[in-house]
Amino acid sequence: MADKYDVIVIGGGPGGYVAAIRCAQLGFNTACIEKRVNKQDQPALGGTCLNVGCIPSKALLDSSWKYHEAEHALAEHGVGVGKLTLDLDTMHQRKDKVVQQLTGGVASLFKSNKVTWLQGSGQLKANKQVQFTPLEGDEQSLEAEHVILAAGSVPVDIPVAEVDQKIIVDSTGALEFDAVPKKLGVIGAGIIGLELGSVWARLGSDVKVLEAVDTFLPTVDKQIGKEAFKLFSKQGLDIHLGARVTGTKKNKNSVRVTYSHEGEEHEETFDRLIVAVGRRPYTEGLLSQDAGVTMDERNYVYVDSQCRTDVPGVYAIGDLVRGPALAHKAIEEGVMVADVIAGEHTQVNYDAVPGVIYTHPEVAWVGKTEEEVKDSGEPYKTGAVPFAANGRALAAGEPGGLVKFVVDEKTDRVLGMHVLGPQASELIQQGVVAMEFGASIEDLQLMVFGHPSLSETVHEAALATDYKAIHVAQRRRKK
């Protein structure tokens, strides 16, 4: 093992492993330090996302939706399935196989790009020294011209619901239930709470979601949030807003939860309880006292627009820094930092980073909400069209939701796009591309969209901003 590298990356999640690969592609002698081991107690790359986050949760979301469709939707298509059964072990095995394939793929990419994978933990010390503690063996002091901090994040704990990964679990434990809970409680109606609650509701759990905030999805466009609340409630998610958990008491096979809601105290017993109240930067042991890297009061590492810390040659990316905790944001920051080190012109457009909730229907957004633009005082226009007016959505049995644009009335530029509906995670990229290239809404209006396709709803919503929509009735807004 070398003791000096051009670049050392601490953390092998989406941001870290991508940064390492890109640095190696640019000709730098690169090492990536990662301490994670998988369920088989083997070293694993990919971070939270590939191992216990984005990928396994999406595998369960897709499997559970197929079960839901077989139970509730296939008959109307003329498809009979006979007696429906659920093999949860097989579902978990499929999920684990997907995870292993992707994490193994990252290891192969490291090998082909000649990235040195150091299996263990790393701590940044003064003068860009890195203390490496291997999973097996003695500590070693490493040096690098450049260090990239990419340690990621961990679930936020709350004192009133201490996680034991048996009865009370976090997002990791919620992926490993060995049986479908009859009654499932979820603390938090954010992205993670809604996705995991959806998985188990589809498989038969009676799910109650307790959210302390009074507004559903407060960072999402209000019109989208209201419609999403209606659709998710119809699916069986019993969502209580303004419900603050005040205590829990575990029994052998259940947990009693007390919470305040609308001025009254309530009590309910669940078979399992998921705590999904957000994530925080994982900085434990990452920095020595003399490392010189500045963090804010919430333990986020301070960086500039190109992810430089205030220590020359040290960078931080992903969930460690400002902005949403999203794998795709971390990935692009990893690429940007590698290019910065190589002296290339590069940037991340933080105004065009999409967000997605992989429920069914999906929720996706990019740019500003109508409320944000309205509060700015600048003149704007909107256009919204439901999927119920789209032939492809109706043919697929997916009429719920809508597409919405928020547009600068003076410049005609797209300020934001918001989608609730089928394939929202794919459709939102049309808004990302439009914003990245500074497109006007007229540009989208003049494009030809394939028919029949879900994308036609994007076209109709663009037309609707100027009262030109063809397939929905519009009433001109009063000035």
# chains A, B, ... in the order shown; residues from 1 in each chain; ligands from 1
$ closest_atom_pairs --of "region 52-146 of chain A" --to "region 227-241 of chain A" --cutoff "12 Å" --atoms "only C-alpha atoms" --output "tab-separated table"
residue	atom	partner	partner_atom	distance
A:Trp65	CA	A:Gln235	CA	11.7
A:His68	CA	A:Gln235	CA	10.4
A:His72	CA	A:Gln235	CA	11.0
$ write_last_selection --atoms "N, CA and C atoms" --output "mmCIF file, in the first residue's frame"
data_model
loop_
_atom_site.group_PDB
_atom_site.id
_atom_site.type_symbol
_atom_site.label_atom_id
_atom_site.label_comp_id
_atom_site.auth_asym_id
_atom_site.auth_seq_id
_atom_site.Cartn_x
_atom_site.Cartn_y
_atom_site.Cartn_z
ATOM 1 N N TRP A 65 -45.331 -2.907 -5.361
ATOM 2 C CA TRP A 65 -46.332 -2.384 -6.300
ATOM 3 C C TRP A 65 -46.852 -3.486 -7.207
ATOM 4 N N HIS A 68 -49.379 -5.253 -5.207
ATOM 5 C CA HIS A 68 -50.582 -4.421 -5.116
ATOM 6 C C HIS A 68 -51.390 -4.492 -6.412
ATOM 7 N N HIS A 72 -55.166 -5.719 -6.781
ATOM 8 C CA HIS A 72 -56.207 -4.709 -6.946
ATOM 9 C C HIS A 72 -56.435 -4.228 -8.375
#
$ select_by_dssp --residues "region 371-420 of chain A" --states "alpha helix (DSSP H)" --output "ChimeraX atom specification"
/A:371-376,391-395
$ write_last_selection --atoms "N, CA and C atoms" --output "PDB file, in the first residue's frame"
ATOM      1  N   GLU A 371     -45.402  29.180  -4.648  1.00  0.00           N
ATOM      2  CA  GLU A 371     -45.385  29.979  -3.434  1.00  0.00           C
ATOM      3  C   GLU A 371     -44.097  30.795  -3.314  1.00  0.00           C
ATOM      4  N   GLU A 372     -42.961  30.177  -3.675  1.00  0.00           N
ATOM      5  CA  GLU A 372     -41.680  30.887  -3.619  1.00  0.00           C
ATOM      6  C   GLU A 372     -41.651  32.053  -4.595  1.00  0.00           C
ATOM      7  N   VAL A 373     -42.154  31.839  -5.798  1.00  0.00           N
ATOM      8  CA  VAL A 373     -42.155  32.912  -6.788  1.00  0.00           C
ATOM      9  C   VAL A 373     -43.133  34.013  -6.381  1.00  0.00           C
ATOM     10  N   LYS A 374     -44.269  33.622  -5.877  1.00  0.00           N
ATOM     11  CA  LYS A 374     -45.261  34.605  -5.446  1.00  0.00           C
ATOM     12  C   LYS A 374     -44.706  35.486  -4.333  1.00  0.00           C
ATOM     13  N   ASP A 375     -44.007  34.871  -3.387  1.00  0.00           N
ATOM     14  CA  ASP A 375     -43.435  35.630  -2.267  1.00  0.00           C
ATOM     15  C   ASP A 375     -42.358  36.610  -2.737  1.00  0.00           C
ATOM     16  N   SER A 376     -41.722  36.322  -3.870  1.00  0.00           N
ATOM     17  CA  SER A 376     -40.684  37.218  -4.379  1.00  0.00           C
ATOM     18  C   SER A 376     -41.266  38.510  -4.946  1.00  0.00           C
ATOM     19  N   GLY A 391     -54.184  10.431 -22.816  1.00  0.00           N
ATOM     20  CA  GLY A 391     -54.607   9.120 -23.315  1.00  0.00           C
ATOM     21  C   GLY A 391     -53.738   7.977 -22.827  1.00  0.00           C
ATOM     22  N   ARG A 392     -52.424   8.163 -22.787  1.00  0.00           N
ATOM     23  CA  ARG A 392     -51.530   7.085 -22.356  1.00  0.00           C
ATOM     24  C   ARG A 392     -51.745   6.772 -20.873  1.00  0.00           C
ATOM     25  N   ALA A 393     -51.932   7.804 -20.058  1.00  0.00           N
ATOM     26  CA  ALA A 393     -52.164   7.591 -18.634  1.00  0.00           C
ATOM     27  C   ALA A 393     -53.459   6.825 -18.392  1.00  0.00           C
ATOM     28  N   LEU A 394     -54.508   7.193 -19.139  1.00  0.00           N
ATOM     29  CA  LEU A 394     -55.787   6.503 -18.985  1.00  0.00           C
ATOM     30  C   LEU A 394     -55.678   5.051 -19.446  1.00  0.00           C
ATOM     31  N   ALA A 395     -54.995   4.806 -20.563  1.00  0.00           N
ATOM     32  CA  ALA A 395     -54.831   3.447 -21.062  1.00  0.00           C
ATOM     33  C   ALA A 395     -54.068   2.577 -20.073  1.00  0.00           C
TER      34      ALA A 395
END
$ closest_atom_pairs --of "region 460-479 of chain A" --to "region 438-449 of chain A" --cutoff "8 Å" --atoms "only C-alpha atoms" --output "tab-separated table"
residue	atom	partner	partner_atom	distance
A:Glu460	CA	A:Gln445	CA	7.9
A:Ala462	CA	A:Gln445	CA	5.7
A:Leu463	CA	A:Gln445	CA	5.5
$ residues_around --residues "Ala316 (chain A)" --least-positions-apart "5" --cutoff "12 Å" --atoms "only C-alpha atoms" --output "mmCIF file with N, CA and C atoms, in the first residue's frame"
data_model
loop_
_atom_site.group_PDB
_atom_site.id
_atom_site.type_symbol
_atom_site.label_atom_id
_atom_site.label_comp_id
_atom_site.auth_asym_id
_atom_site.auth_seq_id
_atom_site.Cartn_x
_atom_site.Cartn_y
_atom_site.Cartn_z
ATOM 1 N N ILE A 8 -7.067 11.499 -1.999
ATOM 2 C CA ILE A 8 -7.691 10.524 -1.102
ATOM 3 C C ILE A 8 -9.143 10.953 -0.897
ATOM 4 N N VAL A 9 -10.054 10.030 -1.143
ATOM 5 C CA VAL A 9 -11.476 10.263 -0.910
ATOM 6 C C VAL A 9 -11.881 9.487 0.332
ATOM 7 N N ILE A 10 -12.479 10.163 1.298
ATOM 8 C CA ILE A 10 -12.958 9.480 2.505
ATOM 9 C C ILE A 10 -14.466 9.293 2.366
ATOM 10 N N GLY A 11 -14.863 8.060 2.070
ATOM 11 C CA GLY A 11 -16.268 7.733 1.866
ATOM 12 C C GLY A 11 -16.499 7.150 0.491
ATOM 13 N N GLY A 15 -21.350 9.914 -3.990
ATOM 14 C CA GLY A 15 -20.452 11.038 -4.214
ATOM 15 C C GLY A 15 -19.003 10.629 -4.178
ATOM 16 N N GLY A 16 -18.628 9.831 -3.180
ATOM 17 C CA GLY A 16 -17.244 9.447 -2.994
ATOM 18 C C GLY A 16 -16.703 8.533 -4.073
ATOM 19 N N ALA A 19 -16.409 10.453 -7.347
ATOM 20 C CA ALA A 19 -15.268 11.369 -7.296
ATOM 21 C C ALA A 19 -13.961 10.610 -7.500
ATOM 22 N N LEU A 124 -9.282 12.963 8.737
ATOM 23 C CA LEU A 124 -8.437 14.051 8.241
ATOM 24 C C LEU A 124 -7.758 14.743 9.409
ATOM 25 N N HIS A 146 -4.638 16.285 -2.369
ATOM 26 C CA HIS A 146 -6.036 16.693 -2.283
ATOM 27 C C HIS A 146 -6.816 15.638 -1.501
ATOM 28 N N VAL A 147 -7.714 16.094 -0.650
ATOM 29 C CA VAL A 147 -8.574 15.197 0.123
ATOM 30 C C VAL A 147 -10.022 15.595 -0.115
ATOM 31 N N ILE A 148 -10.847 14.611 -0.413
ATOM 32 C CA ILE A 148 -12.278 14.837 -0.622
ATOM 33 C C ILE A 148 -13.047 14.131 0.486
ATOM 34 N N LEU A 149 -13.789 14.903 1.272
ATOM 35 C CA LEU A 149 -14.599 14.356 2.357
ATOM 36 C C LEU A 149 -15.976 13.999 1.798
ATOM 37 N N ALA A 150 -16.339 12.720 1.902
ATOM 38 C CA ALA A 150 -17.607 12.254 1.331
ATOM 39 C C ALA A 150 -18.219 11.186 2.229
ATOM 40 N N ALA A 151 -18.310 11.489 3.516
ATOM 41 C CA ALA A 151 -18.725 10.491 4.504
ATOM 42 C C ALA A 151 -20.228 10.280 4.575
ATOM 43 N N GLY A 152 -21.019 11.136 3.913
ATOM 44 C CA GLY A 152 -22.454 10.907 3.852
ATOM 45 C C GLY A 152 -23.209 11.326 5.089
ATOM 46 N N PRO A 281 -25.477 14.976 8.838
ATOM 47 C CA PRO A 281 -24.129 14.668 8.342
ATOM 48 C C PRO A 281 -23.412 13.679 9.263
ATOM 49 N N TYR A 282 -22.714 12.742 8.662
ATOM 50 C CA TYR A 282 -21.957 11.772 9.446
ATOM 51 C C TYR A 282 -20.521 12.274 9.574
ATOM 52 N N THR A 283 -20.240 12.908 10.694
ATOM 53 C CA THR A 283 -18.913 13.500 10.910
ATOM 54 C C THR A 283 -18.161 12.881 12.076
ATOM 55 N N LEU A 286 -14.452 11.920 11.725
ATOM 56 C CA LEU A 286 -13.996 12.301 10.393
ATOM 57 C C LEU A 286 -12.868 13.329 10.434
ATOM 58 N N LEU A 287 -12.918 14.227 11.421
ATOM 59 C CA LEU A 287 -11.966 15.337 11.482
ATOM 60 C C LEU A 287 -11.281 15.367 12.845
ATOM 61 N N VAL A 293 -10.877 22.328 9.324
ATOM 62 C CA VAL A 293 -12.092 22.436 8.515
ATOM 63 C C VAL A 293 -13.222 23.011 9.366
ATOM 64 N N THR A 294 -13.903 24.003 8.826
ATOM 65 C CA THR A 294 -14.972 24.674 9.560
ATOM 66 C C THR A 294 -16.312 23.978 9.323
ATOM 67 N N MET A 295 -17.068 23.797 10.413
ATOM 68 C CA MET A 295 -18.426 23.260 10.326
ATOM 69 C C MET A 295 -19.385 24.262 10.958
ATOM 70 N N TYR A 300 -22.725 20.646 9.446
ATOM 71 C CA TYR A 300 -22.448 20.627 8.013
ATOM 72 C C TYR A 300 -21.094 21.282 7.768
ATOM 73 N N VAL A 301 -20.317 20.697 6.865
ATOM 74 C CA VAL A 301 -19.014 21.256 6.534
ATOM 75 C C VAL A 301 -19.209 22.473 5.636
ATOM 76 N N TYR A 302 -18.566 23.569 5.988
ATOM 77 C CA TYR A 302 -18.682 24.787 5.190
ATOM 78 C C TYR A 302 -17.866 24.644 3.910
ATOM 79 N N VAL A 303 -18.526 24.940 2.761
ATOM 80 C CA VAL A 303 -17.844 24.902 1.469
ATOM 81 C C VAL A 303 -18.316 26.068 0.610
ATOM 82 N N ASP A 304 -17.525 26.378 -0.440
ATOM 83 C CA ASP A 304 -17.939 27.399 -1.398
ATOM 84 C C ASP A 304 -18.750 26.743 -2.518
ATOM 85 N N SER A 305 -18.993 27.473 -3.599
ATOM 86 C CA SER A 305 -19.846 26.970 -4.678
ATOM 87 C C SER A 305 -19.237 25.794 -5.411
ATOM 88 N N GLN A 306 -17.918 25.581 -5.268
ATOM 89 C CA GLN A 306 -17.269 24.435 -5.896
ATOM 90 C C GLN A 306 -16.758 23.430 -4.862
ATOM 91 N N CYS A 307 -17.397 23.439 -3.704
ATOM 92 C CA CYS A 307 -17.179 22.451 -2.650
ATOM 93 C C CYS A 307 -15.780 22.495 -2.030
ATOM 94 N N ARG A 308 -15.112 23.642 -2.097
ATOM 95 C CA ARG A 308 -13.854 23.816 -1.380
ATOM 96 C C ARG A 308 -14.148 24.158 0.072
ATOM 97 N N THR A 309 -13.441 23.502 0.990
ATOM 98 C CA THR A 309 -13.495 23.924 2.383
ATOM 99 C C THR A 309 -12.544 25.102 2.556
ATOM 100 N N ASP A 310 -12.423 25.610 3.778
ATOM 101 C CA ASP A 310 -11.493 26.715 4.004
ATOM 102 C C ASP A 310 -10.052 26.237 4.217
ATOM 103 N N VAL A 311 -9.811 24.931 4.015
ATOM 104 C CA VAL A 311 -8.447 24.400 4.014
ATOM 105 C C VAL A 311 -8.063 24.114 2.562
ATOM 106 N N VAL A 321 -22.558 18.559 3.188
ATOM 107 C CA VAL A 321 -22.582 19.993 2.915
ATOM 108 C C VAL A 321 -24.001 20.475 2.653
ATOM 109 N N ARG A 322 -24.126 21.806 2.472
ATOM 110 C CA ARG A 322 -25.427 22.438 2.292
ATOM 111 C C ARG A 322 -26.201 21.831 1.125
ATOM 112 N N ALA A 330 -24.853 14.569 -4.818
ATOM 113 C CA ALA A 330 -23.513 14.147 -4.392
ATOM 114 C C ALA A 330 -22.674 13.683 -5.576
ATOM 115 N N GLU A 333 -21.487 16.668 -7.552
ATOM 116 C CA GLU A 333 -20.450 17.387 -6.794
ATOM 117 C C GLU A 333 -19.131 16.629 -6.840
ATOM 118 N N GLY A 334 -19.194 15.289 -6.805
ATOM 119 C CA GLY A 334 -17.970 14.492 -6.905
ATOM 120 C C GLY A 334 -17.260 14.709 -8.229
ATOM 121 N N MET A 336 -17.636 17.378 -10.161
ATOM 122 C CA MET A 336 -17.186 18.771 -10.190
ATOM 123 C C MET A 336 -15.852 18.934 -9.457
ATOM 124 N N VAL A 337 -15.741 18.350 -8.273
ATOM 125 C CA VAL A 337 -14.511 18.496 -7.496
ATOM 126 C C VAL A 337 -13.328 17.870 -8.228
ATOM 127 N N ALA A 338 -13.536 16.700 -8.813
ATOM 128 C CA ALA A 338 -12.450 16.077 -9.573
ATOM 129 C C ALA A 338 -11.995 16.991 -10.712
#
$ residues_around --residues "His360 (chain A)" --least-positions-apart "4" --cutoff "10 Å" --atoms "only C-alpha atoms" --output "mmCIF file with C-alpha atoms, in the first residue's frame"
data_model
loop_
_atom_site.group_PDB
_atom_site.id
_atom_site.type_symbol
_atom_site.label_atom_id
_atom_site.label_comp_id
_atom_site.auth_asym_id
_atom_site.auth_seq_id
_atom_site.Cartn_x
_atom_site.Cartn_y
_atom_site.Cartn_z
ATOM 1 C CA LEU A 61 -41.204 -0.362 -3.804
ATOM 2 C CA ASP A 62 -41.283 -2.049 -7.213
ATOM 3 C CA TRP A 65 -46.332 -2.384 -6.300
ATOM 4 C CA GLU A 195 -41.780 5.528 0.612
ATOM 5 C CA SER A 198 -46.078 2.756 1.038
ATOM 6 C CA VAL A 199 -44.083 -0.483 0.777
ATOM 7 C CA ALA A 228 -50.640 14.015 -3.206
ATOM 8 C CA LEU A 231 -54.104 10.226 -3.375
ATOM 9 C CA PHE A 232 -51.923 8.734 -0.631
ATOM 10 C CA GLN A 235 -54.238 4.281 -0.859
ATOM 11 C CA GLU A 398 -52.819 5.876 -14.127
ATOM 12 C CA GLY A 400 -54.071 10.480 -10.868
ATOM 13 C CA LEU A 420 -47.372 14.180 -9.404
ATOM 14 C CA GLY A 421 -48.123 11.122 -11.459
ATOM 15 C CA PRO A 422 -46.833 8.087 -13.353
ATOM 16 C CA GLN A 423 -43.132 8.159 -14.216
ATOM 17 C CA ALA A 424 -42.718 11.578 -12.598
#
$ closest_residue --among "A:Asn349, A:Lys329, A:Glu264, A:Gln223" --to "Ala384 (chain A)" --atoms "only C-alpha atoms"
A:Gln223
$ atom_distance --atom1 "CA of Val419 (chain A)" --atom2 "CA of Leu102 (chain A)"
28.4 Å
$ select_by_dssp --residues "region 312-469 of chain A" --states "strand (DSSP E)" --output "PDB file with N, CA and C atoms, in the first residue's frame"
ATOM      1  N   VAL A 314      -8.614  20.707   0.375  1.00  0.00           N
ATOM      2  CA  VAL A 314      -9.592  19.831   1.035  1.00  0.00           C
ATOM      3  C   VAL A 314     -10.984  20.235   0.570  1.00  0.00           C
ATOM      4  N   TYR A 315     -11.760  19.232   0.145  1.00  0.00           N
ATOM      5  CA  TYR A 315     -13.101  19.452  -0.376  1.00  0.00           C
ATOM      6  C   TYR A 315     -14.102  18.608   0.408  1.00  0.00           C
ATOM      7  N   ALA A 316     -15.366  18.984   0.357  1.00  0.00           N
ATOM      8  CA  ALA A 316     -16.429  18.186   0.976  1.00  0.00           C
ATOM      9  C   ALA A 316     -17.638  18.198   0.053  1.00  0.00           C
ATOM     10  N   GLY A 355     -35.850  16.827  -7.300  1.00  0.00           N
ATOM     11  CA  GLY A 355     -36.177  15.995  -6.149  1.00  0.00           C
ATOM     12  C   GLY A 355     -37.254  15.006  -6.547  1.00  0.00           C
ATOM     13  N   VAL A 356     -37.223  13.808  -5.958  1.00  0.00           N
ATOM     14  CA  VAL A 356     -38.186  12.770  -6.321  1.00  0.00           C
ATOM     15  C   VAL A 356     -38.615  11.999  -5.075  1.00  0.00           C
ATOM     16  N   ILE A 357     -39.908  11.701  -5.004  1.00  0.00           N
ATOM     17  CA  ILE A 357     -40.437  10.770  -4.007  1.00  0.00           C
ATOM     18  C   ILE A 357     -40.985   9.580  -4.782  1.00  0.00           C
ATOM     19  N   GLU A 362     -45.613   8.839  -8.350  1.00  0.00           N
ATOM     20  CA  GLU A 362     -44.404   9.507  -7.912  1.00  0.00           C
ATOM     21  C   GLU A 362     -44.625  11.016  -7.811  1.00  0.00           C
ATOM     22  N   VAL A 363     -43.790  11.655  -7.006  1.00  0.00           N
ATOM     23  CA  VAL A 363     -43.768  13.115  -6.888  1.00  0.00           C
ATOM     24  C   VAL A 363     -42.373  13.570  -7.297  1.00  0.00           C
ATOM     25  N   ALA A 364     -42.289  14.577  -8.170  1.00  0.00           N
ATOM     26  CA  ALA A 364     -40.986  15.081  -8.599  1.00  0.00           C
ATOM     27  C   ALA A 364     -41.078  16.579  -8.843  1.00  0.00           C
ATOM     28  N   TRP A 365     -39.965  17.264  -8.631  1.00  0.00           N
ATOM     29  CA  TRP A 365     -39.971  18.711  -8.796  1.00  0.00           C
ATOM     30  C   TRP A 365     -38.561  19.199  -9.100  1.00  0.00           C
ATOM     31  N   VAL A 366     -38.502  20.369  -9.721  1.00  0.00           N
ATOM     32  CA  VAL A 366     -37.237  21.052  -9.939  1.00  0.00           C
ATOM     33  C   VAL A 366     -37.518  22.545  -9.969  1.00  0.00           C
ATOM     34  N   GLY A 367     -36.595  23.319  -9.430  1.00  0.00           N
ATOM     35  CA  GLY A 367     -36.769  24.763  -9.437  1.00  0.00           C
ATOM     36  C   GLY A 367     -37.692  25.255  -8.344  1.00  0.00           C
ATOM     37  N   TYR A 380     -45.549  36.295 -12.516  1.00  0.00           N
ATOM     38  CA  TYR A 380     -45.352  34.928 -12.994  1.00  0.00           C
ATOM     39  C   TYR A 380     -46.663  34.388 -13.551  1.00  0.00           C
ATOM     40  N   LYS A 381     -46.569  33.254 -14.219  1.00  0.00           N
ATOM     41  CA  LYS A 381     -47.750  32.552 -14.712  1.00  0.00           C
ATOM     42  C   LYS A 381     -47.557  31.061 -14.482  1.00  0.00           C
ATOM     43  N   THR A 382     -48.643  30.336 -14.401  1.00  0.00           N
ATOM     44  CA  THR A 382     -48.579  28.900 -14.189  1.00  0.00           C
ATOM     45  C   THR A 382     -49.467  28.179 -15.192  1.00  0.00           C
ATOM     46  N   GLY A 383     -49.176  26.925 -15.375  1.00  0.00           N
ATOM     47  CA  GLY A 383     -50.018  26.060 -16.185  1.00  0.00           C
ATOM     48  C   GLY A 383     -50.008  24.678 -15.582  1.00  0.00           C
ATOM     49  N   ALA A 384     -51.184  24.102 -15.368  1.00  0.00           N
ATOM     50  CA  ALA A 384     -51.280  22.773 -14.763  1.00  0.00           C
ATOM     51  C   ALA A 384     -52.297  21.936 -15.530  1.00  0.00           C
ATOM     52  N   VAL A 385     -51.949  20.686 -15.805  1.00  0.00           N
ATOM     53  CA  VAL A 385     -52.813  19.785 -16.562  1.00  0.00           C
ATOM     54  C   VAL A 385     -52.828  18.425 -15.868  1.00  0.00           C
ATOM     55  N   PRO A 386     -54.014  17.840 -15.656  1.00  0.00           N
ATOM     56  CA  PRO A 386     -54.087  16.540 -14.993  1.00  0.00           C
ATOM     57  C   PRO A 386     -53.772  15.383 -15.933  1.00  0.00           C
ATOM     58  N   LEU A 402     -50.907  15.396 -11.738  1.00  0.00           N
ATOM     59  CA  LEU A 402     -50.850  16.498 -12.688  1.00  0.00           C
ATOM     60  C   LEU A 402     -49.424  16.921 -12.964  1.00  0.00           C
ATOM     61  N   VAL A 403     -49.248  17.709 -14.027  1.00  0.00           N
ATOM     62  CA  VAL A 403     -47.985  18.373 -14.347  1.00  0.00           C
ATOM     63  C   VAL A 403     -48.217  19.874 -14.264  1.00  0.00           C
ATOM     64  N   LYS A 404     -47.249  20.583 -13.669  1.00  0.00           N
ATOM     65  CA  LYS A 404     -47.404  22.027 -13.469  1.00  0.00           C
ATOM     66  C   LYS A 404     -46.107  22.741 -13.787  1.00  0.00           C
ATOM     67  N   PHE A 405     -46.222  23.884 -14.460  1.00  0.00           N
ATOM     68  CA  PHE A 405     -45.086  24.761 -14.708  1.00  0.00           C
ATOM     69  C   PHE A 405     -45.295  26.085 -13.987  1.00  0.00           C
ATOM     70  N   VAL A 406     -44.184  26.657 -13.512  1.00  0.00           N
ATOM     71  CA  VAL A 406     -44.157  28.023 -12.991  1.00  0.00           C
ATOM     72  C   VAL A 406     -43.186  28.800 -13.867  1.00  0.00           C
ATOM     73  N   VAL A 407     -43.644  29.923 -14.428  1.00  0.00           N
ATOM     74  CA  VAL A 407     -42.903  30.617 -15.483  1.00  0.00           C
ATOM     75  C   VAL A 407     -42.791  32.103 -15.169  1.00  0.00           C
ATOM     76  N   ASP A 408     -41.638  32.691 -15.437  1.00  0.00           N
ATOM     77  CA  ASP A 408     -41.442  34.129 -15.310  1.00  0.00           C
ATOM     78  C   ASP A 408     -42.255  34.827 -16.403  1.00  0.00           C
ATOM     79  N   VAL A 414     -38.619  29.195 -17.763  1.00  0.00           N
ATOM     80  CA  VAL A 414     -39.161  28.213 -16.833  1.00  0.00           C
ATOM     81  C   VAL A 414     -38.470  28.373 -15.485  1.00  0.00           C
ATOM     82  N   LEU A 415     -39.245  28.632 -14.449  1.00  0.00           N
ATOM     83  CA  LEU A 415     -38.706  28.786 -13.098  1.00  0.00           C
ATOM     84  C   LEU A 415     -38.835  27.508 -12.286  1.00  0.00           C
ATOM     85  N   GLY A 416     -39.824  26.699 -12.614  1.00  0.00           N
ATOM     86  CA  GLY A 416     -40.021  25.465 -11.872  1.00  0.00           C
ATOM     87  C   GLY A 416     -40.972  24.536 -12.602  1.00  0.00           C
ATOM     88  N   MET A 417     -40.779  23.243 -12.385  1.00  0.00           N
ATOM     89  CA  MET A 417     -41.677  22.221 -12.923  1.00  0.00           C
ATOM     90  C   MET A 417     -41.993  21.247 -11.806  1.00  0.00           C
ATOM     91  N   HIS A 418     -43.258  20.831 -11.726  1.00  0.00           N
ATOM     92  CA  HIS A 418     -43.712  19.985 -10.622  1.00  0.00           C
ATOM     93  C   HIS A 418     -44.626  18.904 -11.180  1.00  0.00           C
ATOM     94  N   VAL A 419     -44.360  17.652 -10.776  1.00  0.00           N
ATOM     95  CA  VAL A 419     -45.109  16.523 -11.315  1.00  0.00           C
ATOM     96  C   VAL A 419     -45.560  15.611 -10.191  1.00  0.00           C
ATOM     97  N   LEU A 420     -46.821  15.253 -10.230  1.00  0.00           N
ATOM     98  CA  LEU A 420     -47.372  14.180  -9.404  1.00  0.00           C
ATOM     99  C   LEU A 420     -48.053  13.229 -10.366  1.00  0.00           C
ATOM    100  N   GLY A 421     -47.505  12.028 -10.509  1.00  0.00           N
ATOM    101  CA  GLY A 421     -48.123  11.122 -11.459  1.00  0.00           C
ATOM    102  C   GLY A 421     -47.202  10.012 -11.897  1.00  0.00           C
TER     103      GLY A 421
END
$ residues_around --residues "Val106 (chain A)" --least-positions-apart "4" --cutoff "10 Å" --atoms "only C-alpha atoms" --output "number ranges by chain"
A: 12-14, 17-18, 21, 44-46, 50, 100-102, 110-112
$ residues_around --residues "Leu135 (chain A)" --least-positions-apart "6" --cutoff "9 Å" --atoms "only C-alpha atoms" --output "ChimeraX atom specification"
/A:35,43,119-121
$ write_last_selection --atoms "C-alpha atoms" --output "mmCIF file, in the first residue's frame"
data_model
loop_
_atom_site.group_PDB
_atom_site.id
_atom_site.type_symbol
_atom_site.label_atom_id
_atom_site.label_comp_id
_atom_site.auth_asym_id
_atom_site.auth_seq_id
_atom_site.Cartn_x
_atom_site.Cartn_y
_atom_site.Cartn_z
ATOM 1 C CA LYS A 35 -15.403 1.134 6.171
ATOM 2 C CA PRO A 43 -16.535 -4.916 2.702
ATOM 3 C CA GLN A 119 -11.101 -0.901 3.523
ATOM 4 C CA GLY A 120 -11.433 0.884 6.828
ATOM 5 C CA SER A 121 -12.002 4.368 8.242
#
